[in-house]
>>> print(open('input_23.cif').read())   # mmCIF, C-alpha atoms
data_input
#
loop_
_atom_site.label_atom_id
_atom_site.label_comp_id
_atom_site.auth_asym_id
_atom_site.auth_seq_id
_atom_site.Cartn_x
_atom_site.Cartn_y
_atom_site.Cartn_z
CA MET H 59 116.31 56.13 34.30
CA GLY H 60 113.79 58.87 33.38
CA LYS H 61 113.99 60.45 36.82
CA THR H 62 113.87 64.21 37.28
CA PHE H 63 115.88 65.37 40.25
CA VAL H 64 114.60 68.50 41.95
CA PHE H 65 116.78 69.73 44.77
CA ILE H 66 114.99 71.52 47.57
CA PRO H 67 117.36 72.76 50.28
CA GLU H 68 116.71 70.91 53.51
CA PRO H 69 114.62 72.88 55.93
CA LEU H 70 114.97 76.61 56.23
CA GLN H 71 114.14 76.03 59.86
CA ILE H 72 115.47 79.38 61.04
CA LYS H 73 112.05 80.93 60.27
CA ARG H 74 110.39 78.65 62.80
CA GLN H 75 113.05 78.76 65.48
CA SER H 76 113.19 81.18 68.35
CA MET H 77 116.48 82.85 69.12
CA SER H 78 116.85 80.59 72.16
CA GLU H 79 116.74 77.56 69.84
CA PHE H 80 118.74 79.04 66.99
CA LEU H 81 121.80 80.14 68.96
CA PRO H 82 122.42 76.76 70.67
CA SER H 83 122.12 75.07 67.26
CA VAL H 84 124.72 77.41 65.77
CA ILE H 85 127.03 76.94 68.76
CA TYR H 86 126.77 73.14 68.62
CA THR H 87 127.25 72.89 64.84
CA PHE H 88 130.12 75.38 64.97
CA SER H 89 131.81 73.34 67.70
CA ALA H 90 131.33 70.05 65.83
CA LEU H 91 132.68 71.48 62.57
CA PHE H 92 135.62 73.22 64.23
CA VAL H 93 136.61 69.99 65.94
CA ILE H 94 136.50 68.13 62.62
CA LEU H 95 138.31 70.87 60.67
CA ASP H 96 140.87 70.99 63.48
CA PRO H 97 143.07 73.83 62.15
CA LEU H 98 145.32 73.49 65.22
CA LEU H 99 146.26 69.99 64.09
CA SER H 100 147.41 71.41 60.76
CA LEU H 101 149.67 74.01 62.41
CA PRO H 102 152.87 71.91 62.31
CA ILE H 103 152.27 70.95 58.67
CA PHE H 104 151.31 74.45 57.56
CA THR H 105 154.24 76.11 59.29
CA SER H 106 156.68 73.65 57.76
CA LEU H 107 155.21 74.08 54.26
CA THR H 108 155.30 77.87 54.54
CA LYS H 109 158.69 78.10 56.21
CA GLY H 110 160.70 81.00 54.79
CA MET H 111 157.67 82.67 53.21
CA THR H 112 156.84 86.32 53.80
CA PRO H 113 153.73 87.23 55.86
CA GLY H 114 151.98 88.14 52.60
CA GLU H 115 152.75 84.75 51.07
CA ILE H 116 151.62 82.95 54.22
CA ASN H 117 148.36 84.88 54.14
CA LYS H 118 147.88 83.92 50.48
CA GLN H 119 148.39 80.22 51.24
CA ALA H 120 145.98 80.49 54.20
CA LEU H 121 143.33 82.03 51.93
CA ILE H 122 143.84 79.29 49.34
CA ALA H 123 143.46 76.60 52.02
CA ILE H 124 140.24 78.14 53.36
CA GLY H 125 138.91 78.70 49.83
CA VAL H 126 139.45 75.07 48.86
CA ALA H 127 137.94 73.74 52.11
CA GLY H 128 134.99 76.15 51.95
CA PHE H 129 134.19 75.29 48.32
CA LEU H 130 133.99 71.58 49.10
CA MET H 131 132.00 72.08 52.30
CA TYR H 132 129.34 74.25 50.65
CA ILE H 133 129.08 71.98 47.60
CA PHE H 134 128.20 69.03 49.84
CA LEU H 135 126.04 71.20 52.09
CA PHE H 136 123.74 72.40 49.31
CA PHE H 137 123.75 69.37 47.02
CA ASN H 138 123.90 66.42 49.44
CA ILE H 139 120.30 65.32 48.71
CA LEU H 140 120.95 65.24 44.97
CA ILE H 141 124.13 63.23 45.55
CA PHE H 142 122.17 60.71 47.65
CA ASP H 143 119.51 60.36 44.95
CA VAL H 144 122.04 59.85 42.18
CA LEU H 145 123.95 57.20 44.15
CA GLY H 146 120.79 55.48 45.36
CA ILE H 147 121.72 55.41 49.04
CA THR H 148 119.84 56.40 52.18
CA LEU H 149 120.94 58.68 54.97
CA PRO H 150 121.12 55.93 57.65
CA GLU H 151 123.39 53.86 55.39
CA PHE H 152 125.64 56.81 54.73
CA GLN H 153 125.47 57.85 58.38
CA THR H 154 126.66 54.49 59.68
CA ALA H 155 129.49 54.14 57.16
CA SER H 156 130.68 57.70 57.56
CA GLY H 157 130.53 57.44 61.34
CA ILE H 158 132.96 54.54 61.16
CA LEU H 159 135.31 56.66 59.02
CA LEU H 160 135.02 59.52 61.51
CA PHE H 161 135.89 57.18 64.37
CA ILE H 162 139.00 55.99 62.52
CA LEU H 163 139.95 59.63 61.90
CA GLY H 164 139.53 60.41 65.59
CA MET H 165 141.73 57.47 66.55
CA GLN H 166 144.40 58.62 64.10
CA MET H 167 144.32 62.12 65.59
CA THR H 168 144.47 60.83 69.18
CA LEU H 169 147.01 58.03 68.78
CA GLY H 170 149.16 59.73 66.17
CA VAL H 171 148.91 56.83 63.73
CA THR H 172 148.24 56.96 59.99
CA ILE H 173 146.25 54.43 57.98
CA GLY H 174 147.38 54.28 54.37
CA LYS H 175 149.78 56.59 52.58
CA GLU H 176 149.56 60.35 52.32
CA ARG H 177 150.83 62.37 49.40
CA GLU H 178 152.99 65.35 50.15
CA GLY H 179 152.70 68.55 48.16
CA PRO H 180 155.41 71.10 47.38
CA GLN H 181 155.63 74.45 49.15
CA SER H 182 154.02 76.21 46.20
CA VAL H 183 150.76 74.33 46.80
CA ALA H 184 150.77 74.46 50.59
CA GLY H 185 147.31 76.04 50.62
CA VAL H 186 145.79 73.28 48.49
CA VAL H 187 147.36 70.52 50.58
CA ILE H 188 146.03 72.08 53.79
CA GLY H 189 142.62 72.84 52.27
CA THR H 190 142.09 69.22 51.29
CA PRO H 191 142.50 66.61 52.59
CA ILE H 192 143.86 68.02 55.86
CA LEU H 193 141.12 70.56 56.64
CA CYS H 194 138.29 69.26 54.46
CA GLY H 195 138.56 65.51 54.18
CA PRO H 196 135.90 62.77 54.30
CA GLY H 197 135.25 63.50 57.97
CA THR H 198 134.44 67.16 57.36
CA ILE H 199 132.22 66.40 54.36
CA THR H 200 130.38 63.75 56.35
CA THR H 201 129.80 66.08 59.28
CA VAL H 202 128.49 68.90 57.07
CA MET H 203 125.99 66.59 55.38
CA LEU H 204 124.76 65.01 58.59
CA LEU H 205 124.43 68.29 60.49
CA SER H 206 122.45 69.80 57.61
CA LYS H 207 119.94 66.97 57.94
CA GLN H 208 119.49 67.56 61.65
CA TYR H 209 119.74 71.35 61.96
CA GLY H 210 118.92 72.63 58.48
CA VAL H 211 120.97 74.27 55.76
CA LEU H 212 120.92 77.83 57.10
CA VAL H 213 122.28 76.93 60.54
CA VAL H 214 125.10 74.84 59.08
CA ALA H 215 125.87 77.44 56.40
CA LEU H 216 126.37 80.07 59.11
CA SER H 217 128.41 77.71 61.29
CA THR H 218 130.57 76.77 58.30
CA ALA H 219 131.30 80.43 57.57
CA LEU H 220 132.27 81.04 61.20
CA CYS H 221 134.50 77.95 61.21
CA LEU H 222 136.24 79.02 58.02
CA VAL H 223 136.94 82.48 59.45
CA ALA H 224 138.30 80.96 62.68
CA SER H 225 140.43 78.50 60.71
CA TRP H 226 141.81 81.29 58.52
CA LEU H 227 142.86 83.22 61.63
CA VAL H 228 144.66 80.12 62.96
CA LEU H 229 146.51 79.58 59.67
CA ARG H 230 147.21 83.28 59.08
CA TYR H 231 148.91 83.60 62.45
CA SER H 232 150.24 80.04 62.57
CA GLN H 233 153.87 81.01 63.12
CA GLN H 234 152.97 83.26 66.05
CA ILE H 235 150.58 80.71 67.60
CA ARG H 236 153.08 77.88 67.43
CA SER H 237 155.83 80.07 68.91
CA LEU H 238 153.48 81.17 71.69
CA ILE H 239 152.04 77.82 72.81
CA GLY H 240 154.92 75.55 71.77
CA ASP H 241 154.99 72.22 69.95
CA THR H 242 154.01 70.16 73.02
CA VAL H 243 150.81 72.10 73.74
CA THR H 244 149.90 72.05 70.04
CA GLU H 245 150.20 68.26 70.02
CA VAL H 246 148.16 67.87 73.23
CA ILE H 247 145.35 70.04 71.84
CA GLY H 248 145.32 67.99 68.65
CA LYS H 249 144.96 64.76 70.61
CA MET H 250 142.13 66.18 72.73
CA LEU H 251 140.27 67.22 69.59
CA GLY H 252 140.82 63.69 68.28
CA MET H 253 138.98 62.26 71.29
CA PHE H 254 136.07 64.64 70.72
CA THR H 255 135.99 63.55 67.07
CA ALA H 256 135.79 59.89 68.10
CA ALA H 257 132.96 60.69 70.54
CA ILE H 258 130.98 62.50 67.85
CA ALA H 259 131.55 59.52 65.53
CA ILE H 260 130.11 57.07 68.07
CA LYS H 261 126.95 59.17 68.35
CA ILE H 262 126.62 59.28 64.54
CA ILE H 263 127.08 55.50 64.28
CA SER H 264 124.52 54.77 67.01
CA ASP H 265 121.95 57.10 65.40
CA GLY H 266 122.53 55.45 62.00
CA ILE H 267 122.13 51.92 63.37
CA ARG H 268 118.91 52.86 65.20
CA ALA H 269 117.49 54.31 61.96
CA LEU H 270 118.42 51.15 60.01
CA VAL H 271 116.76 48.76 62.45
#
>>> encode(input="input_23.cif", output="structure tokens")
Amino acid sequence: MGKTFVFIPEPLQIKRQSMSEFLPSVIYTFSALFVILDPLLSLPIFTSLTKGMTPGEINKQALIAIGVAGFLMYIFLFFNILIFDVLGITLPEFQTASGILLFILGMQMTLGVTIGKEREGPQSVAGVVIGTPILCGPGTITTVMLLSKQYGVLVVALSTALCLVASWLVLRYSQQIRSLIGDTVTEVIGKMLGMFTAAIAIKIISDGIRALV
């Protein structure tokens, strides 16, 4: 097509933000990403896949899961503009479509239903299975890209790092957490996070539709 794509990271807005503006942005983006990553929802799956493993092996699988999720999240964080240009789509179009997917994800989390078939991985690849698509699926990628447009790359990069650390802690001590809070509480928390996901999705859809019209 003869086009030259030059990627300029979306606003390094931290330089123009006061601390009173920066901290709320980090807190909000961290909360949104943590809800979408939802490591608590993956507890039952992770504990079953790592059953019988030593603490060292569990830690290794947790690191693999976080590494896989983090790699995908940062790829789409830093190169989302280039991806849009190559595909020839606009943010409002992507925002509306991805918001619908997020809403479906939230309904699945809340109602405990599954749309389509999921592939199961063996124990040896527990970390990869948890890393994607359970932790970093379409919903997570969508949220990273949209938040970077609104709050800037630096804010979301920091929030992503904090979320990955928090998620690693959840996975690393998954056996202890599940034993402490029990299966019932784990399921209730997962459903609550599903409702928050659906609420975030509705906001994304409404913003996308307003931008289109």
>>> closest_residue(input="input_23.cif", among="H:Leu169, H:Val93, H:Cys194, H:Ile262", to="Glu245 of chain H", atoms="only C-alpha atoms")
H:Leu169
>>> closest_residue(input="input_23.cif", among="H:Ile188, H:Leu270, H:Val126, H:Leu149", to="Thr108 of chain H", atoms="only C-alpha atoms")
H:Ile188
>>> closest_residue(input="input_23.cif", among="H:Leu229, H:Leu81, H:Val202, H:Leu163", to="Leu251 of chain H", atoms="all atoms listed in the file")
H:Leu163
>>> resolve_selection(input="input_23.cif", expression="the PyMOL selection byres ((chain H and resi 263-266) around 6)", output="number ranges by chain")
H: 150, 153-154, 157, 260-262, 267-269
>>> resolve_selection(input="input_23.cif", expression="the PyMOL selection byres ((chain H and resi 92) around 10)", output="PyMOL selection string")
chain H and resi 86-91+93-98+193+198+217-218+220-222+224-225+251
>>> resolve_selection(input="input_23.cif", expression="the PyMOL selection byres ((chain H and resi 196) around 12)", output="list in words")
Ile94, Leu95, Ala127, Leu130, Met131, Phe134, Phe152, Ala155, Ser156, Gly157, Ile158, Leu159, Leu160, Phe161, Ile162, Leu163, Thr190, Pro191, Ile192, Leu193, Cys194, Gly195, Gly197, Thr198, Ile199, Thr200, Thr201, Val202 and Met203 of chain H
>>> residues_around(input="input_23.cif", residues="Leu121 of chain H", least_positions_apart="4", cutoff="7 Å", atoms="only C-alpha atoms", output="PDB file with C-alpha atoms, in the frame of the given file")
ATOM      1  CA  ASN H 117     148.360  84.880  54.140  1.00  0.00           C
ATOM      2  CA  GLY H 125     138.910  78.700  49.830  1.00  0.00           C
ATOM      3  CA  TRP H 226     141.810  81.290  58.520  1.00  0.00           C
TER       4      TRP H 226
END
>>> atom_distance(input="input_23.cif", atom1="atom CA of Met253 of chain H", atom2="atom CA of Thr168 of chain H")
6.1 Å
>>> atom_distance(input="input_23.cif", atom1="atom CA of Lys118 of chain H", atom2="atom CA of Val214 of chain H")
26.0 Å
>>> atom_distance(input="input_23.cif", atom1="atom CA of Ile258 of chain H", atom2="atom CA of Thr105 of chain H")
28.3 Å
>>> residues_around(input="input_23.cif", residues="Ile235 of chain H", least_positions_apart="2", cutoff="12 Å", atoms="all atoms listed in the file", output="number ranges by chain")
H: 97-98, 100-102, 104-105, 227-233, 237-241, 243-244
>>> residues_around(input="input_23.cif", residues="Ala215 of chain H", least_positions_apart="5", cutoff="9 Å", atoms="only C-alpha atoms", output="PyMOL selection string")
chain H and resi 132+135-136+202+206+210+220
>>> write_last_selection(input="input_23.cif", atoms="C-alpha atoms", output="short mmCIF file (atom, residue, chain, number, x, y, z; two decimals), keeping the file's coordinate frame")
data_model
loop_
_atom_site.label_atom_id
_atom_site.label_comp_id
_atom_site.auth_asym_id
_atom_site.auth_seq_id
_atom_site.Cartn_x
_atom_site.Cartn_y
_atom_site.Cartn_z
CA TYR H 132 129.34 74.25 50.65
CA LEU H 135 126.04 71.20 52.09
CA PHE H 136 123.74 72.40 49.31
CA VAL H 202 128.49 68.90 57.07
CA SER H 206 122.45 69.80 57.61
CA GLY H 210 118.92 72.63 58.48
CA LEU H 220 132.27 81.04 61.20
#
>>> closest_residue(input="input_23.cif", among="H:Gly164, H:Ile141, H:Ile122, H:Gly114", to="Ala259 of chain H", atoms="only C-alpha atoms")
H:Gly164
>>> closest_residue(input="input_23.cif", among="H:Gln234, H:Leu212, H:Lys207, H:Ile247", to="Pro113 of chain H", atoms="all atoms listed in the file")
H:Gln234
>>> residues_around(input="input_23.cif", residues="Thr242 of chain H", least_positions_apart="6", cutoff="12 Å", atoms="all atoms listed in the file", output="PDB file with C-alpha atoms, in the frame of the given file")
ATOM      1  CA  LEU H  99     146.260  69.990  64.090  1.00  0.00           C
ATOM      2  CA  PRO H 102     152.870  71.910  62.310  1.00  0.00           C
ATOM      3  CA  ARG H 236     153.080  77.880  67.430  1.00  0.00           C
ATOM      4  CA  GLY H 248     145.320  67.990  68.650  1.00  0.00           C
ATOM      5  CA  LYS H 249     144.960  64.760  70.610  1.00  0.00           C
TER       6      LYS H 249
END
>>> axis_aligned_box(input="input_23.cif", around="segment 255-262 of chain H", padding_each_side="3 Å", output="AutoDock Vina command-line options")
--center_x 131.3 --center_y 60.3 --center_z 67.5 --size_x 15.4 --size_y 12.5 --size_z 12.0
>>> build_atoms(input="input_23.cif", residues="segment 85-116 of chain H", atoms="N, CA and C atoms", output="mmCIF file, keeping the file's coordinate frame")
data_model
loop_
_atom_site.group_PDB
_atom_site.id
_atom_site.type_symbol
_atom_site.label_atom_id
_atom_site.label_comp_id
_atom_site.auth_asym_id
_atom_site.auth_seq_id
_atom_site.Cartn_x
_atom_site.Cartn_y
_atom_site.Cartn_z
ATOM 1 N N ILE H 85 125.871 77.217 67.896
ATOM 2 C CA ILE H 85 127.030 76.940 68.760
ATOM 3 C C ILE H 85 127.440 75.477 68.653
ATOM 4 N N TYR H 86 126.448 74.572 68.682
ATOM 5 C CA TYR H 86 126.770 73.140 68.620
ATOM 6 C C TYR H 86 127.371 72.779 67.259
ATOM 7 N N THR H 87 126.742 73.238 66.173
ATOM 8 C CA THR H 87 127.250 72.890 64.840
ATOM 9 C C THR H 87 128.611 73.521 64.591
ATOM 10 N N PHE H 88 128.807 74.741 65.095
ATOM 11 C CA PHE H 88 130.120 75.380 64.970
ATOM 12 C C PHE H 88 131.175 74.553 65.695
ATOM 13 N N SER H 89 130.858 74.121 66.915
ATOM 14 C CA SER H 89 131.810 73.340 67.700
ATOM 15 C C SER H 89 132.151 72.026 67.016
ATOM 16 N N ALA H 90 131.108 71.338 66.502
ATOM 17 C CA ALA H 90 131.330 70.050 65.830
ATOM 18 C C ALA H 90 132.206 70.231 64.585
ATOM 19 N N LEU H 91 131.912 71.256 63.786
ATOM 20 C CA LEU H 91 132.680 71.480 62.570
ATOM 21 C C LEU H 91 134.104 71.923 62.870
ATOM 22 N N PHE H 92 134.270 72.755 63.891
ATOM 23 C CA PHE H 92 135.620 73.220 64.230
ATOM 24 C C PHE H 92 136.484 72.072 64.724
ATOM 25 N N VAL H 93 135.870 71.156 65.472
ATOM 26 C CA VAL H 93 136.610 69.990 65.940
ATOM 27 C C VAL H 93 137.051 69.124 64.766
ATOM 28 N N ILE H 94 136.170 68.960 63.774
ATOM 29 C CA ILE H 94 136.500 68.130 62.620
ATOM 30 C C ILE H 94 137.523 68.828 61.718
ATOM 31 N N LEU H 95 137.335 70.118 61.474
ATOM 32 C CA LEU H 95 138.310 70.870 60.670
ATOM 33 C C LEU H 95 139.674 70.854 61.340
ATOM 34 N N ASP H 96 139.675 71.072 62.655
ATOM 35 C CA ASP H 96 140.870 70.990 63.480
ATOM 36 C C ASP H 96 142.061 71.751 62.874
ATOM 37 N N PRO H 97 141.950 73.071 62.711
ATOM 38 C CA PRO H 97 143.070 73.830 62.150
ATOM 39 C C PRO H 97 144.325 73.788 63.023
ATOM 40 N N LEU H 98 144.148 73.578 64.339
ATOM 41 C CA LEU H 98 145.320 73.490 65.220
ATOM 42 C C LEU H 98 146.182 72.275 64.892
ATOM 43 N N LEU H 99 145.516 71.192 64.452
ATOM 44 C CA LEU H 99 146.260 69.990 64.090
ATOM 45 C C LEU H 99 147.109 70.223 62.849
ATOM 46 N N SER H 100 146.670 71.139 61.992
ATOM 47 C CA SER H 100 147.410 71.410 60.760
ATOM 48 C C SER H 100 148.532 72.417 60.953
ATOM 49 N N LEU H 101 148.633 72.999 62.152
ATOM 50 C CA LEU H 101 149.670 74.010 62.410
ATOM 51 C C LEU H 101 151.079 73.521 62.075
ATOM 52 N N PRO H 102 151.503 72.353 62.608
ATOM 53 C CA PRO H 102 152.870 71.910 62.310
ATOM 54 C C PRO H 102 153.120 71.721 60.809
ATOM 55 N N ILE H 103 152.114 71.184 60.104
ATOM 56 C CA ILE H 103 152.270 70.950 58.670
ATOM 57 C C ILE H 103 152.303 72.270 57.915
ATOM 58 N N PHE H 104 151.390 73.170 58.260
ATOM 59 C CA PHE H 104 151.310 74.450 57.560
ATOM 60 C C PHE H 104 152.560 75.292 57.780
ATOM 61 N N THR H 105 153.047 75.312 59.010
ATOM 62 C CA THR H 105 154.240 76.110 59.290
ATOM 63 C C THR H 105 155.470 75.553 58.581
ATOM 64 N N SER H 106 155.539 74.237 58.457
ATOM 65 C CA SER H 106 156.680 73.650 57.760
ATOM 66 C C SER H 106 156.608 73.902 56.257
ATOM 67 N N LEU H 107 155.380 73.854 55.690
ATOM 68 C CA LEU H 107 155.210 74.080 54.260
ATOM 69 C C LEU H 107 155.415 75.545 53.883
ATOM 70 N N THR H 108 155.168 76.444 54.830
ATOM 71 C CA THR H 108 155.300 77.870 54.540
ATOM 72 C C THR H 108 156.556 78.477 55.160
ATOM 73 N N LYS H 109 157.460 77.618 55.594
ATOM 74 C CA LYS H 109 158.690 78.100 56.210
ATOM 75 C C LYS H 109 159.488 78.943 55.213
ATOM 76 N N GLY H 110 159.914 80.119 55.651
ATOM 77 C CA GLY H 110 160.700 81.000 54.790
ATOM 78 C C GLY H 110 159.871 81.942 53.951
ATOM 79 N N MET H 111 158.544 81.772 53.972
ATOM 80 C CA MET H 111 157.670 82.670 53.210
ATOM 81 C C MET H 111 157.463 83.982 53.944
ATOM 82 N N THR H 112 157.160 85.028 53.203
ATOM 83 C CA THR H 112 156.840 86.320 53.800
ATOM 84 C C THR H 112 155.438 86.271 54.389
ATOM 85 N N PRO H 113 155.090 87.195 55.303
ATOM 86 C CA PRO H 113 153.730 87.230 55.860
ATOM 87 C C PRO H 113 152.660 87.305 54.773
ATOM 88 N N GLY H 114 152.935 88.046 53.698
ATOM 89 C CA GLY H 114 151.980 88.140 52.600
ATOM 90 C C GLY H 114 151.764 86.801 51.909
ATOM 91 N N GLU H 115 152.850 86.067 51.711
ATOM 92 C CA GLU H 115 152.750 84.750 51.070
ATOM 93 C C GLU H 115 152.028 83.760 51.966
ATOM 94 N N ILE H 116 152.308 83.833 53.263
ATOM 95 C CA ILE H 116 151.620 82.950 54.220
ATOM 96 C C ILE H 116 150.126 83.234 54.208
#
